[in-house]
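Trainee: Questions regarding the structure given below will be posed in turn.
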Amino acid sequence: MELPARYNPKETEDKWYKFWEEKGYFHACSTSEKKPFCIVIPPPNVTGILHMGHALNNTIQDILVRLHRMKGKEALWMPGTDHAGIATQNVVEKSLAKEGLKRQDLGRDKFIERAWLWKEQYGSTIIRQLRKLGSSCDWERLRFTMDEEYSKTVTEIFIRLYEKKLIYQGSYIINWCPRCQTALSDEEAPHNELQGSLYYIKYPLKHNPDEFVVVATTRPETMLGDTAVAVNPKDKRYKKLIGKHLILPLANREIRIIADALVDPKFGTGAVKVTPAHDPNDYIMGKKHGLDFISVMHPDARMNSFAGDYKDMDRFEAREVILEDLKEKGLLEKIEAHQLSAGHCYRCHTIIEPYFSKQWFVKMKPLAKPAIEAVKKGKIKFHPQRWTKVYLHWMENIQDWCISRQIWWGHRLPVYYCRKCAENGKSKSPNLKFHNEGVIVSKIKPQKCPQCGSIDIYQDEDVLDTWFSSWLWPFATFGSNEEDLKYFYPTSVLVTAPEIIFFWVARMIMAGFEFMGKQPFKDVYIHGTVRDIEGRKMSKSLGNIIDPLEIIDNYGTDALRFSIISITSQGQDVFLSEQRFEQGRNFANKIWNASRFILMNLDPVQVTVDLCEFYKKEELDIVNHWILSRFYSTLVGVDKAIESFKFNEAANLLYSFFWHEFCDWYLEIIKPDINLRKNQIVMFKVLEKFLRVLHPFMPFVTEEIWQKLPHGGESIMVRPWPHVQEQIIDKRLEKDMVVLFDIITSIRNLRSEIEIKGEQKVPLSIYPHSKVAANLIAANKEAILNLAKLERLDVLAHNAKPKGTISSICESADIYLSFSGLIDIAKELQKSMQKLDNLKKVITGKESRLKNAEFVKKAPKDVVEKEKESLLEAHNTIKRLERTISELS
RNA sequence: GGGCGAUUGGCUCAGUUGGUUAGAGCGCCACAUUCACAUUGUGGAGACCAUAGGUUCGAGUCCUAUAUCGCCCACCA
């Protein structure tokens, strides 16, 4: 069979992916007799495009799924996308903006129509890209968090929680994004450091306007909403002022001086302006002291009419103007540089505004309880383990979850209001926003108010937090299919990134227990973040993105997969440069060429035997036994590595086995006798099995080659994972072979050092140091002749007189070169002296260790024995070296 | 303020429960091309394992500080 000398991924990848899919290999079925294995994909946003984080995340999942499929499980990888409320709405709004439109111009229904249209058109981009990656997802089950059935579940869950009084409506300070104009949960408003200023502002006393209380603030623009100044009750400086009144500058309102232990007397001036509607701390004080809540901003963070002259200014513009005005009035005492941190919208990075508003919340403490237990008891395990602490810390300090969003794209709250009931309630609370009368929570819009019978009913405008649907993902994806749920739930492993632990992982665990009564998964593997070579996150704005699709285009999917896996250790962050992908590409090519070589030399008739039968009946020679042993040892290592989520270790084991042992040594050794039956069988079987083990890592190249090999079955993808043949593994032999390689390497080294030209063959004598070495040399004489390019090899018996000059010694043998003329005596002498020196140091170390009574007494016996042995060995080597030196001089 | 991670050849990283002379890939140097593969082969150079203490017969590995970098959490006006 003629194959090109290079592996071309472009010609194979799409072909095989299509083949697998058409064969239905990706599909998993709950009626199977097999044991289930299930992973639910962290649903990428519909707005998403594949980045390296996805590539890593999904490669790991695909490895696990393919592996377990081969191991005989009914393996399901449940795919889907997330509607990504704010992100998608932003994208659709942007596209509208190009037409000069705002969403309000369209109205809610039209806008949502538009959003769906967008989703239909672009929402499957990421799915297509996941396929390029080779992901073996069960596409028949593709889900979307706004599918009809899924949405139904979301609504039901809301009602269930509401009825359990775990969902409530209330007015609190929440994180408000003025740009997206919606509330956000705490997790969606991460705090970032900012370089700001601390402004010291004088507030005049009412009874004596020439005297001031100076407050320190980072946000002067909110002063217009101040309703008090607070001091610590123990603060002597202010004690006599407590209860007195101040005139709030610029607003010319009277505000009270209150005492509260929350105030830190050491910070600033020890006096704090209190703005209950714009600061969470102040909110608490406001509640405690019965202060007024004055919101001074519009939802877009422009100042509102409570801000008087500053009305309609943006909050930061207002800050500047207010500072100017204060300065003019002589009320700005000083400005200090000050580091602070502020919440930022995780979607648009706008600084969030702590904003007082009425929202819906989930009471989290009761949900957290079983989720904490499960992790503490080890029913759910994090890998690496350290994330357990992070998880528990968050869970144990969990805050209620704000779930209402003031956007249009998402699951609308199943909440309706009766206008009539609300009107009636108004008498108690003048602002419609602040009362709870007339709330109806229902799956569908009620015909009339169950309270008063009015038909004047309208639905809440808000939608739910996107994560309120994703936290149901491990079971909501099965919809109402009880059999599937019973079979596949709880799922097996969750593979995800650290930044999503609180958003998603923790909440899924809570939802699993609350709604299913069972944990959603057993293991959580948290992989690292993919960064650029300088350790920065990859982002568009930094321009440091490495596009996985480009890598696929240039290097191939298998190269991408293999490279990224081989550098991802144990959840450590990955520093990536494009160069890394050469390793994967070269490896694919190496496999390709080794296979090409084998195919060119393969007699298909000879290899149709069963390998087990073969080595039961026929005694294996050293080399074939060795490579089989190494293969199975590697397999053991790979199994173990994957079990402990050390994917890089598995990948690297496969890499070095194939390249350095199978190709560099094994194939080179058997090359001259490649037609021998035993060589035919073993080289073929090892290759075939190796391809299977590698398949989860590099699915395409392995399939392409496997199909060209004689094979049974349709696809490598559905072939069983090889069984470890314990009886073939011979650690002793593996070690011995290293001796042989050591000898060959030493001869090659010698050739190189004395500059024997490439093909020039030299005669050599060799004196083996041990019986093992002697046997190996005898059994592999041909191999040594070939690999070390020797004309002749004489193996010296004990006491035999060597013919040449001693030229080199290695651990296992002395090597005598038969024509001494080639040797640079001075150089060799120097080299030997150097070796002698090193060895003497080693011996000194060993001797002193062995003389140390403590060591002999306390160290394990085998360690002491080993030490003695190696000392003896070193002494022998020294003797030989000294002999060499005397011969040379 | 608290927590976590990292610090090992020029670069990027491995390094199992402490055990003898610390590994890999890339890069570098030399040699090799009618040989499956130059996306190759062969050989080589290159590391007092961040610093300072400690535990131990023995520390890259365990402990305590320190430094630098990074991440996360917290009601830092």
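How things are named: the first chain in the structure tokens is A, the next is B, and so on; residues count from 1 in each chain; ligands count from 1 in the order shown.
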Assign secondary structure with DSSP using the backbone only, and return the residues of region 6-244 of chain A in alpha helix (DSSP H) as a VMD selection string.

Mentor: chain A and resid 9 to 23 52 to 70 85 to 97 103 to 106 108 to 122 125 to 132 148 to 163

Trainee: Kindly provide, as a ChimeraX atom specification, the residues of chain A having any atom no farther than 6 Å from an atom of chain B, counting only C-alpha atoms (C1' of nucleotides).

Mentor: /A:217,272,281,586,593-594,596-597,749,752,854-855

Trainee: Could the residues in this selection be written to a file with N, CA and C atoms, as a PDB file, in the first residue's frame?

Mentor:
ATOM      1  N   THR A 217     -14.922  59.955  51.622  1.00  0.00           N
ATOM      2  CA  THR A 217     -15.691  59.100  50.713  1.00  0.00           C
ATOM      3  C   THR A 217     -14.944  58.893  49.410  1.00  0.00           C
ATOM      4  N   VAL A 272     -18.598  58.753  58.692  1.00  0.00           N
ATOM      5  CA  VAL A 272     -18.993  58.189  57.399  1.00  0.00           C
ATOM      6  C   VAL A 272     -20.295  58.802  56.941  1.00  0.00           C
ATOM      7  N   ASN A 281     -23.480  48.587  52.902  1.00  0.00           N
ATOM      8  CA  ASN A 281     -23.269  48.833  54.321  1.00  0.00           C
ATOM      9  C   ASN A 281     -24.208  49.898  54.859  1.00  0.00           C
ATOM     10  N   ASN A 586       4.001  16.669  14.960  1.00  0.00           N
ATOM     11  CA  ASN A 586       5.110  15.762  14.691  1.00  0.00           C
ATOM     12  C   ASN A 586       4.811  14.348  15.190  1.00  0.00           C
ATOM     13  N   ASN A 593       4.125   7.599   9.939  1.00  0.00           N
ATOM     14  CA  ASN A 593       5.244   7.015   9.218  1.00  0.00           C
ATOM     15  C   ASN A 593       5.646   5.644   9.734  1.00  0.00           C
ATOM     16  N   ALA A 594       5.565   5.479  11.043  1.00  0.00           N
ATOM     17  CA  ALA A 594       5.856   4.156  11.593  1.00  0.00           C
ATOM     18  C   ALA A 594       4.844   3.157  11.036  1.00  0.00           C
ATOM     19  N   ARG A 596       3.173   3.491   8.296  1.00  0.00           N
ATOM     20  CA  ARG A 596       3.452   3.341   6.874  1.00  0.00           C
ATOM     21  C   ARG A 596       4.538   2.296   6.666  1.00  0.00           C
ATOM     22  N   PHE A 597       5.547   2.400   7.499  1.00  0.00           N
ATOM     23  CA  PHE A 597       6.652   1.451   7.426  1.00  0.00           C
ATOM     24  C   PHE A 597       6.162   0.026   7.692  1.00  0.00           C
ATOM     25  N   ASN A 749      28.167   6.679  20.896  1.00  0.00           N
ATOM     26  CA  ASN A 749      28.821   7.828  21.481  1.00  0.00           C
ATOM     27  C   ASN A 749      30.302   7.842  21.107  1.00  0.00           C
ATOM     28  N   SER A 752      30.830   8.755  17.602  1.00  0.00           N
ATOM     29  CA  SER A 752      30.648  10.174  17.398  1.00  0.00           C
ATOM     30  C   SER A 752      31.854  10.959  17.902  1.00  0.00           C
ATOM     31  N   GLU A 854      23.577   5.625  61.932  1.00  0.00           N
ATOM     32  CA  GLU A 854      22.169   6.016  61.931  1.00  0.00           C
ATOM     33  C   GLU A 854      21.476   5.577  60.644  1.00  0.00           C
ATOM     34  N   PHE A 855      22.232   5.798  59.537  1.00  0.00           N
ATOM     35  CA  PHE A 855      21.670   5.431  58.242  1.00  0.00           C
ATOM     36  C   PHE A 855      21.435   3.927  58.173  1.00  0.00           C
TER      37      PHE A 855
END

Trainee: What residues in region 105-326 of chain A get the DSSP label strand (DSSP E)? Please answer as a VMD selection string.

Mentor: chain A and resid 143 to 144 167 to 177 182 to 184 191 to 204 212 to 217 228 to 231 245 to 248 253 to 259 271 to 274

Trainee: Do you have the CA of Pro414 (chain A)-CA of Glu514 (chain A) distance handy?

Mentor: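 Interatomic distance, CA of Pro414 (chain A) to CA of Glu514 (chain A): 19.7 Å.
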
Trainee: Residues within 12 Å of C63 (chain B), please, as a list in words. Count only C-alpha atoms (C1' of nucleotides); anything in the same chain fewer than 2 positions from it doesn't count.

Mentor: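 Within the cut-off, the hits are G53, G54, U55, U56, A59 and A65 of chain B.
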
Trainee: Set the distance at 10 Å and use only C-alpha atoms (C1' of nucleotides): which residues neighbour Ala28 (chain A) once local chain neighbours fewer than 4 positions away are removed? I'd like the list as a PyMOL selection string.

Mentor: chain A and resi 24+32+36-38+69+73-78+137-138+140-141+484+488

Trainee: Once you have the residues from the selection above, write them out as a short mmCIF file (atom, residue, chain, number, x, y, z; two decimals), in the first residue's frame, restricted to all heavy atoms.

Mentor:
data_model
loop_
_atom_site.label_atom_id
_atom_site.label_comp_id
_atom_site.auth_asym_id
_atom_site.auth_seq_id
_atom_site.Cartn_x
_atom_site.Cartn_y
_atom_site.Cartn_z
N GLY A 24 -23.73 6.13 14.01
CA GLY A 24 -24.45 6.26 15.28
C GLY A 24 -23.61 5.94 16.51
O GLY A 24 -24.14 5.67 17.58
N SER A 32 -29.60 0.13 27.18
CA SER A 32 -28.41 -0.70 27.07
C SER A 32 -28.24 -1.61 28.28
O SER A 32 -28.65 -1.30 29.38
CB SER A 32 -27.18 0.19 26.92
OG SER A 32 -26.02 -0.57 27.08
N PRO A 36 -23.68 2.53 32.60
CA PRO A 36 -23.65 3.88 32.01
C PRO A 36 -22.40 4.66 32.39
O PRO A 36 -21.82 4.44 33.45
CB PRO A 36 -24.88 4.54 32.62
CG PRO A 36 -25.04 3.87 33.95
CD PRO A 36 -24.55 2.47 33.78
N PHE A 37 -22.03 5.53 31.49
CA PHE A 37 -21.03 6.55 31.82
C PHE A 37 -21.54 7.83 31.20
O PHE A 37 -21.88 7.84 30.01
CB PHE A 37 -19.66 6.20 31.24
CG PHE A 37 -18.62 7.25 31.51
CD1 PHE A 37 -17.90 7.23 32.70
CD2 PHE A 37 -18.39 8.27 30.59
CE1 PHE A 37 -16.96 8.22 32.95
CE2 PHE A 37 -17.44 9.26 30.86
CZ PHE A 37 -16.73 9.22 32.04
N CYS A 38 -21.62 8.87 31.98
CA CYS A 38 -22.27 10.07 31.45
C CYS A 38 -21.54 11.34 31.85
O CYS A 38 -21.16 11.52 33.01
CB CYS A 38 -23.71 10.13 31.92
SG CYS A 38 -24.59 11.58 31.35
N ARG A 69 -16.27 4.49 26.52
CA ARG A 69 -17.00 3.79 25.47
C ARG A 69 -16.23 2.54 25.07
O ARG A 69 -16.78 1.45 24.97
CB ARG A 69 -17.16 4.73 24.27
CG ARG A 69 -18.26 4.34 23.30
CD ARG A 69 -18.35 5.34 22.16
NE ARG A 69 -19.05 6.56 22.51
CZ ARG A 69 -18.53 7.78 22.38
NH1 ARG A 69 -17.30 7.94 21.91
NH2 ARG A 69 -19.24 8.85 22.69
N LYS A 73 -18.55 0.76 28.39
CA LYS A 73 -19.68 1.43 29.03
C LYS A 73 -20.60 2.01 27.96
O LYS A 73 -20.19 2.23 26.82
CB LYS A 73 -19.16 2.59 29.89
CG LYS A 73 -18.17 2.19 30.96
CD LYS A 73 -18.84 2.10 32.32
CE LYS A 73 -17.87 1.72 33.41
NZ LYS A 73 -16.86 2.75 33.67
N GLU A 74 -21.83 2.23 28.35
CA GLU A 74 -22.74 2.98 27.50
C GLU A 74 -22.43 4.44 27.79
O GLU A 74 -22.87 5.00 28.81
CB GLU A 74 -24.19 2.64 27.84
CG GLU A 74 -25.21 3.26 26.91
CD GLU A 74 -25.19 2.64 25.51
OE1 GLU A 74 -24.57 1.59 25.30
OE2 GLU A 74 -25.82 3.23 24.60
N ALA A 75 -21.62 5.01 26.94
CA ALA A 75 -21.07 6.33 27.26
C ALA A 75 -21.87 7.44 26.58
O ALA A 75 -22.00 7.46 25.37
CB ALA A 75 -19.61 6.41 26.85
N LEU A 76 -22.38 8.31 27.40
CA LEU A 76 -23.16 9.44 26.88
C LEU A 76 -22.45 10.74 27.19
O LEU A 76 -22.11 11.02 28.33
CB LEU A 76 -24.55 9.46 27.52
CG LEU A 76 -25.36 10.74 27.26
CD1 LEU A 76 -25.63 10.94 25.78
CD2 LEU A 76 -26.66 10.72 28.04
N TRP A 77 -22.27 11.51 26.14
CA TRP A 77 -21.80 12.88 26.34
C TRP A 77 -22.93 13.79 25.87
O TRP A 77 -23.21 13.87 24.70
CB TRP A 77 -20.52 13.12 25.56
CG TRP A 77 -19.91 14.47 25.84
CD1 TRP A 77 -20.31 15.40 26.75
CD2 TRP A 77 -18.77 15.02 25.17
NE1 TRP A 77 -19.48 16.49 26.71
CE2 TRP A 77 -18.54 16.29 25.76
CE3 TRP A 77 -17.91 14.57 24.16
CZ2 TRP A 77 -17.48 17.11 25.34
CZ3 TRP A 77 -16.88 15.39 23.76
CH2 TRP A 77 -16.67 16.65 24.35
N MET A 78 -23.57 14.39 26.84
CA MET A 78 -24.76 15.20 26.56
C MET A 78 -24.36 16.61 26.16
O MET A 78 -23.76 17.33 26.93
CB MET A 78 -25.61 15.24 27.84
CG MET A 78 -26.79 16.17 27.78
SD MET A 78 -28.10 15.58 26.72
CE MET A 78 -28.97 14.50 27.85
N CYS A 137 -19.99 13.82 21.01
CA CYS A 137 -21.24 14.10 21.71
C CYS A 137 -22.40 13.38 21.04
O CYS A 137 -22.39 13.16 19.83
CB CYS A 137 -21.55 15.59 21.68
SG CYS A 137 -20.35 16.62 22.48
N ASP A 138 -23.37 13.07 21.84
CA ASP A 138 -24.59 12.48 21.29
C ASP A 138 -25.46 13.60 20.73
O ASP A 138 -26.33 14.14 21.41
CB ASP A 138 -25.33 11.73 22.41
CG ASP A 138 -26.53 10.97 21.86
OD1 ASP A 138 -26.86 11.15 20.67
OD2 ASP A 138 -27.12 10.19 22.63
N GLU A 140 -27.84 13.74 18.77
CA GLU A 140 -29.30 13.55 18.73
C GLU A 140 -29.96 14.18 19.95
O GLU A 140 -31.16 14.42 19.96
CB GLU A 140 -29.64 12.05 18.70
CG GLU A 140 -29.24 11.38 17.41
CD GLU A 140 -29.40 9.86 17.48
OE1 GLU A 140 -30.42 9.41 18.04
OE2 GLU A 140 -28.52 9.15 16.97
N ARG A 141 -29.17 14.37 20.97
CA ARG A 141 -29.74 14.89 22.21
C ARG A 141 -29.46 16.37 22.42
O ARG A 141 -29.69 16.89 23.51
CB ARG A 141 -29.15 14.14 23.40
CG ARG A 141 -29.52 12.67 23.47
CD ARG A 141 -28.79 12.04 24.62
NE ARG A 141 -28.98 10.61 24.72
CZ ARG A 141 -29.95 10.04 25.45
NH1 ARG A 141 -30.78 10.78 26.14
NH2 ARG A 141 -30.05 8.73 25.48
N ASP A 484 -34.22 7.49 30.82
CA ASP A 484 -32.90 8.09 30.65
C ASP A 484 -32.38 8.61 31.97
O ASP A 484 -31.23 8.41 32.34
CB ASP A 484 -32.98 9.26 29.65
CG ASP A 484 -32.89 8.77 28.22
OD1 ASP A 484 -32.87 7.53 28.04
OD2 ASP A 484 -32.88 9.61 27.31
N PHE A 488 -28.99 7.36 33.44
CA PHE A 488 -27.78 8.18 33.32
C PHE A 488 -27.52 9.11 34.51
O PHE A 488 -26.43 9.64 34.66
CB PHE A 488 -27.84 9.03 32.04
CG PHE A 488 -27.66 8.24 30.78
CD1 PHE A 488 -28.69 8.12 29.87
CD2 PHE A 488 -26.45 7.62 30.51
CE1 PHE A 488 -28.53 7.40 28.69
CE2 PHE A 488 -26.27 6.90 29.34
CZ PHE A 488 -27.32 6.78 28.43
#

Trainee: Of the candidates A:Gly584, A:Pro763, A:Pro43, A:Gly410, which shows the shortest atom-to-atom distance to Tyr7 (chain A), using only C-alpha atoms?

Mentor: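 Closest to Tyr7 (chain A) of all the choices is A:Gly584.
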
Trainee: One decimal, Å: what's the distance from CA of Phe562 (chain A) over to CA of Lys708 (chain A), could you say?

Mentor: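 Value for the CA of Phe562 (chain A)-CA of Lys708 (chain A) distance: 21.9 Å.
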
Trainee: Within 10 Å of Lys389 (chain A), counting only C-alpha atoms (C1' of nucleotides), which residues show up once you throw out same-chain ones fewer than 4 positions away? Write them as a list of chain:residue names, please.

Mentor: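 Final neighbour list, sorted by chain and number: A:Val375, A:Lys376, A:Phe382, A:Gln385, A:His393, A:Trp394, A:Met395, B:G3, B:C4.
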
Trainee: Write out as a ChimeraX atom specification each polymer residue whose atoms come within 8 Å of region 567-573 of chain A, counting only C-alpha atoms (C1' of nucleotides); drop sequence neighbours fewer than 6 positions from it.

Mentor: /A:383-384,525-531,645-649 /B:13

Trainee: Write a file of the just-selected residues containing C-alpha atoms (C1' of nucleotides), as a PDB file, in the first residue's frame.

Mentor:
ATOM      1  CA  HIS A 383      -9.802  17.074  41.415  1.00  0.00           C
ATOM      2  CA  PRO A 384      -7.397  18.568  42.220  1.00  0.00           C
ATOM      3  CA  TYR A 525     -12.320  17.746  37.428  1.00  0.00           C
ATOM      4  CA  ILE A 526     -11.232  21.346  37.413  1.00  0.00           C
ATOM      5  CA  HIS A 527      -8.691  22.063  34.725  1.00  0.00           C
ATOM      6  CA  GLY A 528      -6.531  25.133  34.474  1.00  0.00           C
ATOM      7  CA  THR A 529      -7.067  28.316  32.592  1.00  0.00           C
ATOM      8  CA  VAL A 530      -5.420  28.603  29.215  1.00  0.00           C
ATOM      9  CA  ARG A 531      -3.135  31.603  29.135  1.00  0.00           C
ATOM     10  CA  PHE A 645      -7.080  12.765  36.095  1.00  0.00           C
ATOM     11  CA  LYS A 646      -3.440  13.120  35.087  1.00  0.00           C
ATOM     12  CA  PHE A 647      -4.090  13.373  31.401  1.00  0.00           C
ATOM     13  CA  ASN A 648      -0.736  14.876  30.588  1.00  0.00           C
ATOM     14  CA  GLU A 649       0.981  11.939  32.189  1.00  0.00           C
TER      15      GLU A 649
ATOM     16  C1'   C B  13       6.851  22.356  32.161  1.00  0.00           C
TER      17        C B  13
END

Trainee: What lies within 12 Å of Leu326 (chain A) using only C-alpha atoms (C1' of nucleotides), ignoring chain neighbours under 6 positions off, as a PyMOL selection string?

Mentor: chain A and resi 199-203+220-221+223+248-251+318-320+332-334

Trainee: Please produce an output containing N, CA and C atoms for each residue in the selection, written as a compact mmCIF listing (two decimals), in the first residue's frame.

Mentor:
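Okay, this is what ended up in out24.txt:
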# COMPACT_ATOMS: atom_id res chain seq x y z
N TYR A 199 -11.97 61.28 49.11
CA TYR A 199 -12.26 62.72 49.19
C TYR A 199 -12.75 63.07 50.58
N TYR A 200 -12.16 64.09 51.17
CA TYR A 200 -12.55 64.53 52.51
C TYR A 200 -13.46 65.74 52.36
N ILE A 201 -14.71 65.59 52.75
CA ILE A 201 -15.70 66.65 52.52
C ILE A 201 -16.23 67.16 53.85
N LYS A 202 -16.33 68.47 53.93
CA LYS A 202 -16.81 69.09 55.17
C LYS A 202 -18.32 69.22 55.14
N TYR A 203 -18.97 68.68 56.16
CA TYR A 203 -20.41 68.84 56.31
C TYR A 203 -20.62 69.80 57.49
N PRO A 220 -18.13 60.73 45.97
CA PRO A 220 -18.82 61.97 46.36
C PRO A 220 -20.18 62.15 45.67
N GLU A 221 -20.33 61.60 44.47
CA GLU A 221 -21.60 61.83 43.76
C GLU A 221 -22.81 61.25 44.49
N MET A 223 -23.34 61.61 47.60
CA MET A 223 -23.66 62.40 48.80
C MET A 223 -25.05 63.01 48.72
N LEU A 248 -26.47 68.99 54.78
CA LEU A 248 -25.81 68.30 53.67
C LEU A 248 -25.48 69.30 52.57
N PRO A 249 -24.21 69.53 52.31
CA PRO A 249 -23.84 70.53 51.31
C PRO A 249 -24.46 70.19 49.95
N LEU A 250 -24.62 71.21 49.15
CA LEU A 250 -25.15 71.13 47.79
C LEU A 250 -26.65 70.79 47.78
N ALA A 251 -27.05 69.88 48.65
CA ALA A 251 -28.46 69.52 48.69
C ALA A 251 -29.21 70.40 49.69
N ALA A 318 -20.97 63.81 37.17
CA ALA A 318 -21.51 64.46 38.36
C ALA A 318 -20.45 64.53 39.45
N ARG A 319 -19.67 63.48 39.57
CA ARG A 319 -18.62 63.48 40.61
C ARG A 319 -17.70 64.68 40.41
N GLU A 320 -17.24 64.85 39.19
CA GLU A 320 -16.31 65.94 38.91
C GLU A 320 -16.93 67.30 39.23
N LEU A 332 -14.25 71.16 50.35
CA LEU A 332 -13.42 69.99 50.03
C LEU A 332 -12.10 70.14 50.75
N GLU A 333 -11.92 69.33 51.80
CA GLU A 333 -10.73 69.52 52.62
C GLU A 333 -9.47 69.03 51.93
N LYS A 334 -9.53 67.79 51.49
CA LYS A 334 -8.36 67.25 50.79
C LYS A 334 -8.74 66.02 49.99

Trainee: Just the number, please: distance in Å from CA of Asp456 (chain A) to CA of Val441 (chain A), one decimal.

Mentor: 15.1 Å
